[in-house]
Amino acid sequence: MRRSAAGRRKPPAVIALLSAAAGPILFCSASAQVPPQLGGSPMEDVISAMTLEEKVRLLVGMGMGIDLPGVPAQDPADAATPEKVPGAAGRTHAIPRLGIPSLTLSDGPAGVRIAPVREGDAGRTYYATAFPVATLLASTWDTAVVRSVGAAIGDEAREYGVDILLAPAMNIHRNPLGGRNFEYYSEDPLVSGRIAAAFVDGVESEGVGTSIKHFVANNQEFNRMMLNTVVGERALREIYLKGFQIAVETAQPWTVMSSYNLLDGTYTSQSRELLRGVLRDEWGFDGFVMSDWFGGRDPVAQTNAGNDVLMPGTTSQTEAILAAVADGALAEAQLDENVAHVLSIVVRSPTFRHYAYKERPDLEGHALVARRAATEGMVLLKNDAGTLPLAGVHPVALFGNAGYQLIVGGSGSGDVNEAYSVSLARGLEAAGYALDAALGEGYASYLAEQEANRAAPQTLRAPPPIPEMPVEATRIQRAAGAADVAVVTLGRNSGEFEDRSTEADFDLTDTEHALLRDVARTFHAAGKKVVVVMNIAGVTEVASWRDGVDAILLAWQPGQEGGNAIADILSGKANPSGKLASTFPVAYADVPSAGTFPGKPLPGHEDDAPDAIFGIPSEVVYDEGIYVGYRYYDAFGVEPAYPFGYGLSYTDFGYGDLALSAASFEAEIRVTVTVTNVGPVAGREVVEVYVRAPDGGMDKPERELKAFAKTELLPPGGSQTLAFRLTAADLASFDADRGAWVAAAGRYTVDVGASSRDIRQGASFSLDRERTVRAAHVSLAPGASPNERKPARR
Ligand code: BGC
């Protein structure tokens, strides 16, 4: 709450000094010498003492000097990031006169991204732990594990001198080809929101801030800084904003990063409806908003909209804001408001508190956190006839480039400079498996040769992929004679600036198909099994080849300890318990946004030469509305390859009767279910609670995820009762005509299951009258009418 002027404490305006010699009394104005200091004086006084130039200095950041054509100029003194942390993404300016220090901001979602070595500092290194990518973290469905990863990253950030981590990234997996999906969690907003909240809690428990990003509807990379996303208000609120809402309301992140794209014609960083109306007024956010790097077009509109800090800051932004205040186009009171948001976070920062960071984080301890999280988020997709675990199987024939060169995580700002990574080959050997040495040597020389001839990656981009090594039939034949089992890896990388393609990325290459086919044929002829390990970060085609192999482990991009974590699962040391947080469709054409992704250049711009950084003005229309992911596959009757929420275990679970606390909804319904491990080994089960809405009224998905939990490690025969709570908000959909969240009257069914298509228990309750749960403060996307599709069945 803002304090009234009358309530302010005045700084000591005048201090009387008595001369030691009892001479004449001297009066002097101390305010001229000692201005109010942040933390020592009321915030209002500090702000009133700031000059206009100082306010703008605080609101326009610094760092990340990128010397690329088209990138706006920065003051040379601002282009380099250090003061404290070389390689960090940027900083805010210090105003030393008022006791305001500079905050250091660093990426990112899979670990602290800073320079690992420093000039003139030979012998010392500043590596950070590469944790599993966000998509794997979401597949754990385990908020405690995600919190532990957040806490470890927060600890590293603080110990390296960072104040705010630019993570978590939590845009929705709208389409499998989104180049940054690896940094994001899920196709479902509840999973995204709860996992993000756990991550924020973990990081911030270490005294370091977070920046949930990219707010909002930044679901692809195509022309990302010039892309207008057209989405109806219901889909915007229920799918794209919802996860952010959950994260803000439950975890109160220190900052939010606005996105690059426009939303229905306005840059998100220039939208007051979004940044003020939704974020602050509706959700109660009280930190500061920063732009994405060089995002938005009009710094005055951004400042006016409440995009408090412009990152990384350019000379022209500073000039434009100063000029706008001078000619009355921008009120200084708006600057004061933005400055207050920033200072409210500065006072919480490690730098402000003079934290003595030691640059010696516990990397060994954090490697264990990374390994544990990785095993919790890998998903066992197929396991015929108990192929896995491999306990006692020797030796192993390991095929596939990624078996020898693990893809730890994606590229761009989501990448981490880790000290080492453990390949699957090393992980298997460390677990006691003997690998086919001749095969290993073949891959080693192929990969070395390819590396030597590989084109250097462009700034921040992934290096071009090394084509899968073709393996001749004779080598496979020899390996099938020597080994007891084949493990074949499939690898994929992606990152900032580029979306994936269907050809040779979503779909397998001919060489990959041939490898799978030939290995399976030869090993099966010898009576031996074939296991596929998918070292990928985005949803990839499986339906055309999965029948030919015996087991498939989706290992995702598992971070630096990946090889050990995969070996933990293959060997049975860990029992897989991850489940899919995004659907695997049979074919790309089945994806609800296949026809509209990634959008197209605006009329008249088709032939523009794309600017290296900004691209060309383009538009994408989200005509599937709320029918994203399983909401679409279920409502439109499209069979997926592996449904949302799916994942196998080495054991089985039984679901006891579902109990509801009441037959009729009053203030809430409590749901309890007992899960029992009915199989042979200890394991954990993710339990998913879906709700089916009454027929009639607004279109509704077949069922929607409303709660989830993961059991503890249950021994064989062990059971656990899980309890969930459903509130009226959980039953409500957004009625854009009424501008409110409304729960329809009627009969609701609670479906509890092991996946969205494996419902084990159901029960129902009624809501006797319609409830308006919450009214919106602002109307979003009023101009957008994306001609949304409706399911035929409802
Ligand atoms: C990315 C952000 C990142 C920022 C700073 C941008 O290109 O979109 O996610 O935090 O750079 O590195």
# chains A, B, ... in the order shown; residues from 1 in each chain; ligands from 1
$ closest_atom_pairs --of "chain A" --to "ligand 1" --cutoff "6 Å" --atoms "only C-alpha atoms and all ligand atoms" --output "Markdown table"
| residue | atom | partner | partner_atom_place_in_ligand_line | distance |
| --- | --- | --- | --- | --- |
| A:Ala89 | CA | ligand 1 | 12 (O) | 4.8 |
| A:Asp107 | CA | ligand 1 | 10 (O) | 5.4 |
| A:Leu166 | CA | ligand 1 | 10 (O) | 5.1 |
| A:Asp292 | CA | ligand 1 | 6 (C) | 5.7 |
| A:Trp293 | CA | ligand 1 | 6 (C) | 5.0 |
| A:Ser413 | CA | ligand 1 | 12 (O) | 4.9 |
$ write_last_selection --atoms "C-alpha atoms" --output "short mmCIF file (atom, residue, chain, number, x, y, z; two decimals), in the first residue's frame"
data_model
loop_
_atom_site.label_atom_id
_atom_site.label_comp_id
_atom_site.auth_asym_id
_atom_site.auth_seq_id
_atom_site.Cartn_x
_atom_site.Cartn_y
_atom_site.Cartn_z
CA ALA A 89 22.74 -11.54 -18.98
CA ASP A 107 19.77 -16.95 -17.02
CA LEU A 166 15.92 -15.31 -15.33
CA ASP A 292 12.84 -9.55 -22.64
CA TRP A 293 16.17 -8.55 -24.12
CA SER A 413 20.00 -18.53 -23.02
#
$ select_by_dssp --residues "stretch 570-747 of chain A" --states "alpha helix (DSSP H)" --output "ChimeraX atom specification"
/A:570-571,630-635,728-731
$ residues_around --residues "A:Asp652" --least-positions-apart "2" --cutoff "6 Å" --atoms "only C-alpha atoms" --output "short mmCIF file (atom, residue, chain, number, x, y, z; two decimals) with N, CA, C and O atoms, in the first residue's frame"
data_model
loop_
_atom_site.label_atom_id
_atom_site.label_comp_id
_atom_site.auth_asym_id
_atom_site.auth_seq_id
_atom_site.Cartn_x
_atom_site.Cartn_y
_atom_site.Cartn_z
N ASN A 677 0.89 -50.22 -4.12
CA ASN A 677 1.88 -50.84 -5.01
C ASN A 677 1.60 -52.35 -5.03
O ASN A 677 1.87 -53.04 -4.05
N VAL A 678 1.04 -52.83 -6.13
CA VAL A 678 0.66 -54.24 -6.21
C VAL A 678 1.69 -55.06 -7.00
O VAL A 678 1.45 -56.21 -7.33
N GLY A 679 2.83 -54.44 -7.32
CA GLY A 679 3.84 -55.14 -8.11
C GLY A 679 5.03 -55.57 -7.27
O GLY A 679 4.99 -55.51 -6.04
#
$ residues_around --residues "A:Ala437" --least-positions-apart "3" --cutoff "10 Å" --atoms "only C-alpha atoms" --output "VMD selection string"
chain A and resid 395 to 398 434 440 to 443 479
$ write_last_selection --atoms "all heavy atoms" --output "mmCIF file, in the first residue's frame"
data_model
loop_
_atom_site.group_PDB
_atom_site.id
_atom_site.type_symbol
_atom_site.label_atom_id
_atom_site.label_comp_id
_atom_site.auth_asym_id
_atom_site.auth_seq_id
_atom_site.Cartn_x
_atom_site.Cartn_y
_atom_site.Cartn_z
ATOM 1 N N PRO A 395 27.290 -58.168 -22.123
ATOM 2 C CA PRO A 395 27.576 -56.751 -22.271
ATOM 3 C C PRO A 395 26.502 -56.059 -23.127
ATOM 4 O O PRO A 395 25.599 -56.731 -23.622
ATOM 5 C CB PRO A 395 28.926 -56.761 -22.983
ATOM 6 C CG PRO A 395 28.907 -58.025 -23.793
ATOM 7 C CD PRO A 395 28.009 -59.015 -23.075
ATOM 8 N N VAL A 396 26.666 -54.763 -23.321
ATOM 9 C CA VAL A 396 25.670 -53.957 -24.033
ATOM 10 C C VAL A 396 26.271 -53.416 -25.327
ATOM 11 O O VAL A 396 27.401 -52.934 -25.325
ATOM 12 C CB VAL A 396 25.237 -52.763 -23.145
ATOM 13 C CG1 VAL A 396 24.314 -51.818 -23.898
ATOM 14 C CG2 VAL A 396 24.583 -53.256 -21.858
ATOM 15 N N ALA A 397 25.500 -53.488 -26.409
ATOM 16 C CA ALA A 397 25.918 -52.822 -27.655
ATOM 17 C C ALA A 397 25.192 -51.481 -27.704
ATOM 18 O O ALA A 397 23.966 -51.446 -27.809
ATOM 19 C CB ALA A 397 25.547 -53.679 -28.859
ATOM 20 N N LEU A 398 25.954 -50.406 -27.615
ATOM 21 C CA LEU A 398 25.357 -49.067 -27.558
ATOM 22 C C LEU A 398 25.472 -48.400 -28.926
ATOM 23 O O LEU A 398 26.573 -48.132 -29.411
ATOM 24 C CB LEU A 398 26.074 -48.238 -26.485
ATOM 25 C CG LEU A 398 25.582 -46.804 -26.271
ATOM 26 C CD1 LEU A 398 24.113 -46.765 -25.861
ATOM 27 C CD2 LEU A 398 26.442 -46.103 -25.208
ATOM 28 N N ALA A 434 29.492 -53.848 -19.404
ATOM 29 C CA ALA A 434 30.598 -53.861 -20.364
ATOM 30 C C ALA A 434 30.029 -53.439 -21.713
ATOM 31 O O ALA A 434 29.039 -54.005 -22.181
ATOM 32 C CB ALA A 434 31.180 -55.268 -20.449
ATOM 33 N N GLY A 440 32.097 -48.663 -29.810
ATOM 34 C CA GLY A 440 32.447 -47.399 -29.156
ATOM 35 C C GLY A 440 33.561 -46.680 -29.902
ATOM 36 O O GLY A 440 33.513 -45.460 -30.097
ATOM 37 N N GLU A 441 34.551 -47.450 -30.364
ATOM 38 C CA GLU A 441 35.657 -46.822 -31.104
ATOM 39 C C GLU A 441 35.169 -46.238 -32.420
ATOM 40 O O GLU A 441 35.577 -45.148 -32.830
ATOM 41 C CB GLU A 441 36.758 -47.853 -31.381
ATOM 42 C CG GLU A 441 37.657 -48.065 -30.174
ATOM 43 C CD GLU A 441 38.337 -49.436 -30.187
ATOM 44 O OE1 GLU A 441 38.492 -50.015 -31.291
ATOM 45 O OE2 GLU A 441 38.670 -49.928 -29.088
ATOM 46 N N GLY A 442 34.269 -46.960 -33.078
ATOM 47 C CA GLY A 442 33.698 -46.468 -34.338
ATOM 48 C C GLY A 442 33.004 -45.129 -34.132
ATOM 49 O O GLY A 442 33.206 -44.176 -34.886
ATOM 50 N N TYR A 443 32.186 -45.061 -33.097
ATOM 51 C CA TYR A 443 31.484 -43.799 -32.827
ATOM 52 C C TYR A 443 32.469 -42.692 -32.448
ATOM 53 O O TYR A 443 32.322 -41.552 -32.874
ATOM 54 C CB TYR A 443 30.430 -43.986 -31.725
ATOM 55 C CG TYR A 443 29.116 -44.511 -32.271
ATOM 56 C CD1 TYR A 443 28.763 -45.851 -32.130
ATOM 57 C CD2 TYR A 443 28.241 -43.659 -32.929
ATOM 58 C CE1 TYR A 443 27.564 -46.335 -32.643
ATOM 59 C CE2 TYR A 443 27.042 -44.131 -33.446
ATOM 60 C CZ TYR A 443 26.704 -45.467 -33.304
ATOM 61 O OH TYR A 443 25.521 -45.920 -33.813
ATOM 62 N N ALA A 479 28.073 -57.112 -33.490
ATOM 63 C CA ALA A 479 27.666 -56.643 -32.166
ATOM 64 C C ALA A 479 26.579 -57.552 -31.584
ATOM 65 O O ALA A 479 26.568 -57.852 -30.380
ATOM 66 C CB ALA A 479 27.156 -55.206 -32.253
#
$ closest_residue --among "A:Ala483, A:Leu274, A:Ala431, A:Ala456" --to "A:His777" --atoms "only C-alpha atoms"
A:Leu274
$ closest_atom_pairs --of "stretch 26-62 of chain A" --to "stretch 348-370 of chain A" --cutoff "12 Å" --atoms "only C-alpha atoms" --output "Markdown table"
| residue | atom | partner | partner_atom | distance |
| --- | --- | --- | --- | --- |
| A:Gln37 | CA | A:Phe352 | CA | 11.6 |
| A:Leu38 | CA | A:Phe352 | CA | 9.2 |
| A:Gly39 | CA | A:Phe352 | CA | 8.9 |
| A:Gly40 | CA | A:Phe352 | CA | 11.9 |
$ write_last_selection --atoms "all heavy atoms" --output "mmCIF file, in the first residue's frame"
data_model
loop_
_atom_site.group_PDB
_atom_site.id
_atom_site.type_symbol
_atom_site.label_atom_id
_atom_site.label_comp_id
_atom_site.auth_asym_id
_atom_site.auth_seq_id
_atom_site.Cartn_x
_atom_site.Cartn_y
_atom_site.Cartn_z
ATOM 1 N N GLN A 37 19.014 7.453 2.015
ATOM 2 C CA GLN A 37 19.639 6.215 1.554
ATOM 3 C C GLN A 37 18.602 5.093 1.522
ATOM 4 O O GLN A 37 17.803 4.944 2.447
ATOM 5 C CB GLN A 37 20.769 5.814 2.516
ATOM 6 C CG GLN A 37 21.908 6.814 2.559
ATOM 7 C CD GLN A 37 22.654 6.887 1.222
ATOM 8 O OE1 GLN A 37 23.245 5.899 0.793
ATOM 9 N NE2 GLN A 37 22.612 8.040 0.564
ATOM 10 N N LEU A 38 18.632 4.309 0.457
ATOM 11 C CA LEU A 38 17.701 3.186 0.348
ATOM 12 C C LEU A 38 17.897 2.262 1.547
ATOM 13 O O LEU A 38 19.019 1.872 1.876
ATOM 14 C CB LEU A 38 17.959 2.414 -0.955
ATOM 15 C CG LEU A 38 16.978 1.291 -1.240
ATOM 16 C CD1 LEU A 38 15.570 1.839 -1.504
ATOM 17 C CD2 LEU A 38 17.440 0.455 -2.434
ATOM 18 N N GLY A 39 16.813 1.940 2.203
ATOM 19 C CA GLY A 39 16.892 1.072 3.377
ATOM 20 C C GLY A 39 16.983 1.866 4.657
ATOM 21 O O GLY A 39 16.506 1.426 5.694
ATOM 22 N N GLY A 40 17.577 3.074 4.591
ATOM 23 C CA GLY A 40 17.717 3.894 5.791
ATOM 24 C C GLY A 40 16.620 4.935 5.877
ATOM 25 O O GLY A 40 16.265 5.380 6.959
#
$ closest_atom_pairs --of "stretch 240-287 of chain A" --to "stretch 308-330 of chain A" --cutoff "10 Å" --atoms "only C-alpha atoms" --output "Markdown table"
| residue | atom | partner | partner_atom | distance |
| --- | --- | --- | --- | --- |
| A:Thr255 | CA | A:Asp308 | CA | 10.0 |
| A:Val256 | CA | A:Asp308 | CA | 10.0 |
| A:Met257 | CA | A:Val309 | CA | 9.4 |
| A:Ser258 | CA | A:Leu310 | CA | 9.9 |
| A:Ser269 | CA | A:Leu310 | CA | 9.2 |
| A:Leu275 | CA | A:Asp308 | CA | 9.6 |
| A:Gly287 | CA | A:Asp308 | CA | 9.6 |
$ residues_around --residues "A:Thr51" --least-positions-apart "3" --cutoff "12 Å" --atoms "only C-alpha atoms" --output "mmCIF file with N, CA and C atoms, in the first residue's frame"
data_model
loop_
_atom_site.group_PDB
_atom_site.id
_atom_site.type_symbol
_atom_site.label_atom_id
_atom_site.label_comp_id
_atom_site.auth_asym_id
_atom_site.auth_seq_id
_atom_site.Cartn_x
_atom_site.Cartn_y
_atom_site.Cartn_z
ATOM 1 N N PRO A 35 22.082 12.563 1.114
ATOM 2 C CA PRO A 35 20.723 12.343 0.637
ATOM 3 C C PRO A 35 20.147 11.080 1.264
ATOM 4 N N VAL A 46 13.499 8.457 -0.876
ATOM 5 C CA VAL A 46 14.582 8.118 -1.814
ATOM 6 C C VAL A 46 14.138 8.485 -3.227
ATOM 7 N N ILE A 47 12.887 8.153 -3.525
ATOM 8 C CA ILE A 47 12.397 8.447 -4.881
ATOM 9 C C ILE A 47 12.326 9.958 -5.099
ATOM 10 N N SER A 48 11.847 10.684 -4.084
ATOM 11 C CA SER A 48 11.774 12.144 -4.277
ATOM 12 C C SER A 48 13.155 12.755 -4.452
ATOM 13 N N GLU A 54 18.268 10.031 -12.960
ATOM 14 C CA GLU A 54 18.531 8.847 -12.140
ATOM 15 C C GLU A 54 17.368 7.853 -12.224
ATOM 16 N N LYS A 55 16.156 8.373 -12.265
ATOM 17 C CA LYS A 55 15.010 7.454 -12.381
ATOM 18 C C LYS A 55 15.091 6.675 -13.692
ATOM 19 N N VAL A 56 15.376 7.409 -14.763
ATOM 20 C CA VAL A 56 15.441 6.725 -16.060
ATOM 21 C C VAL A 56 16.612 5.746 -16.079
ATOM 22 N N ARG A 57 17.686 6.117 -15.414
ATOM 23 C CA ARG A 57 18.851 5.230 -15.347
ATOM 24 C C ARG A 57 18.480 3.904 -14.675
ATOM 25 N N LEU A 58 17.644 3.994 -13.654
ATOM 26 C CA LEU A 58 17.242 2.761 -12.963
ATOM 27 C C LEU A 58 16.300 1.921 -13.832
ATOM 28 N N ILE A 95 22.700 3.519 -8.310
ATOM 29 C CA ILE A 95 22.708 4.970 -8.035
ATOM 30 C C ILE A 95 23.401 5.105 -6.675
ATOM 31 N N ARG A 97 24.832 7.329 -4.996
ATOM 32 C CA ARG A 97 24.510 8.501 -4.178
ATOM 33 C C ARG A 97 23.356 8.214 -3.207
ATOM 34 N N LEU A 98 22.433 7.333 -3.631
ATOM 35 C CA LEU A 98 21.244 7.058 -2.820
ATOM 36 C C LEU A 98 21.278 5.662 -2.205
ATOM 37 N N LEU A 322 13.324 10.269 -21.583
ATOM 38 C CA LEU A 322 13.603 11.635 -21.091
ATOM 39 C C LEU A 322 12.832 12.672 -21.911
ATOM 40 N N GLU A 332 5.842 11.944 -14.905
ATOM 41 C CA GLU A 332 6.930 11.514 -14.025
ATOM 42 C C GLU A 332 6.379 10.610 -12.923
ATOM 43 N N LEU A 335 6.911 7.119 -13.802
ATOM 44 C CA LEU A 335 8.291 6.711 -13.534
ATOM 45 C C LEU A 335 8.465 6.387 -12.049
ATOM 46 N N ASP A 336 7.872 7.229 -11.207
ATOM 47 C CA ASP A 336 7.993 6.999 -9.758
ATOM 48 C C ASP A 336 7.404 5.644 -9.371
ATOM 49 N N VAL A 339 9.790 2.973 -10.551
ATOM 50 C CA VAL A 339 10.987 2.990 -9.702
ATOM 51 C C VAL A 339 10.667 2.316 -8.359
#
$ closest_residue --among "A:Leu59, A:Leu553, A:Val208, A:Ala589" --to "A:Pro299" --atoms "only C-alpha atoms"
A:Leu59
